[in-house]
Amino acid sequence: QVQLVESGGGLVQAGGSLRLSCTASGSIWRINTMGWYRQAPGKERELVAVISPFGTKNYADSVKDRFTISRDNGKNVVYLQMNSLKPEDTAGYYCYAHASSGNNYWGQGTQVTVSS
């Protein structure tokens, strides 16, 4: 089993920045890809950014050039630096880990609210 705990959400004005962190524990040797998804009220959960163990990154088009995902394999932490935030970025943000076993794991989520 893998446990994921997020931190760093909050309320910010449009144009501001936040950094989310997600710490993994448990069977961390099984973890391959890690990343972030988000879900706004009434909408489906969508990919924000993912990063491979070797640092390959993929971003949703809506966050490219504004968000940066990074990973510290030694500390088992994945980060999401969010700059130039927009009201439409408001959502619950969920940490994600894909394990070598094929299982997917999710954190409990952290709320990001961007005011206009």
# chains A, B, ... in the order shown; residues from 1 in each chain; ligands from 1

call {"tool": "residues_around", "arguments": {"residues": "region 93-101 of chain A", "least_positions_apart": "6", "cutoff": "9 Å", "atoms": "only C-alpha atoms", "output": "PyMOL selection string"}}
result
chain A and resi 2+4-6+9+20-24+28-40+48+50+78+107-112

call {"tool": "select_by_dssp", "arguments": {"residues": "chain A", "states": "strand (DSSP E or B)", "output": "number ranges by chain"}}
result
A: 2-7, 10-13, 18-26, 31-39, 46-51, 57-59, 67-72, 77-82, 91-99, 104-106, 110-115

call {"tool": "atom_distance", "arguments": {"atom1": "CA of Ser27 (chain A)", "atom2": "CA of Gln81 (chain A)"}}
result
25.6 Å

call {"tool": "residues_around", "arguments": {"residues": "Asp89 (chain A)", "least_positions_apart": "2", "cutoff": "8 Å", "atoms": "only C-alpha atoms", "output": "tab-separated table (two decimals) with N, CA, C and O atoms, in the first residue's frame"}}
result
chain	number	residue	atom	x	y	z
A	85	LEU	N	-2.02	32.15	-11.26
A	85	LEU	CA	-3.27	31.42	-11.04
A	85	LEU	C	-4.47	32.21	-11.53
A	85	LEU	O	-4.51	33.45	-11.45
A	86	LYS	N	-5.44	31.45	-12.04
A	86	LYS	CA	-6.67	32.02	-12.58
A	86	LYS	C	-7.87	31.47	-11.80
A	86	LYS	O	-7.79	30.37	-11.24
A	87	PRO	N	-8.98	32.20	-11.80
A	87	PRO	CA	-10.17	31.66	-11.10
A	87	PRO	C	-10.57	30.27	-11.59
A	87	PRO	O	-11.05	29.45	-10.78
A	91	ALA	N	-10.23	24.41	-7.65
A	91	ALA	CA	-10.59	22.99	-7.65
A	91	ALA	C	-9.98	22.31	-6.44
A	91	ALA	O	-9.12	22.88	-5.76
A	112	VAL	N	-7.79	24.37	-3.63
A	112	VAL	CA	-7.19	25.61	-4.13
A	112	VAL	C	-8.33	26.50	-4.62
A	112	VAL	O	-9.13	26.08	-5.46
A	113	THR	N	-8.39	27.71	-4.07
A	113	THR	CA	-9.41	28.66	-4.47
A	113	THR	C	-8.73	29.94	-4.93
A	113	THR	O	-7.92	30.51	-4.20
A	114	VAL	N	-9.06	30.35	-6.14
A	114	VAL	CA	-8.48	31.55	-6.73
A	114	VAL	C	-9.58	32.58	-6.89
A	114	VAL	O	-10.55	32.36	-7.62

call {"tool": "atom_distance", "arguments": {"atom1": "CA of Asn58 (chain A)", "atom2": "CA of Tyr105 (chain A)"}}
result
18.5 Å

call {"tool": "closest_residue", "arguments": {"among": "A:Pro53, A:Gly10, A:Leu47, A:Gly15", "to": "Val77 (chain A)", "atoms": "only C-alpha atoms"}}
result
A:Pro53

call {"tool": "select_by_dssp", "arguments": {"residues": "chain A", "states": "helix (DSSP H, G or I)", "output": "number ranges by chain"}}
result
A: 28-30, 87-89

call {"tool": "closest_residue", "arguments": {"among": "A:Ser84, A:Ser115, A:Asn104, A:Asn76", "to": "Lys64 (chain A)", "atoms": "only C-alpha atoms"}}
result
A:Ser84
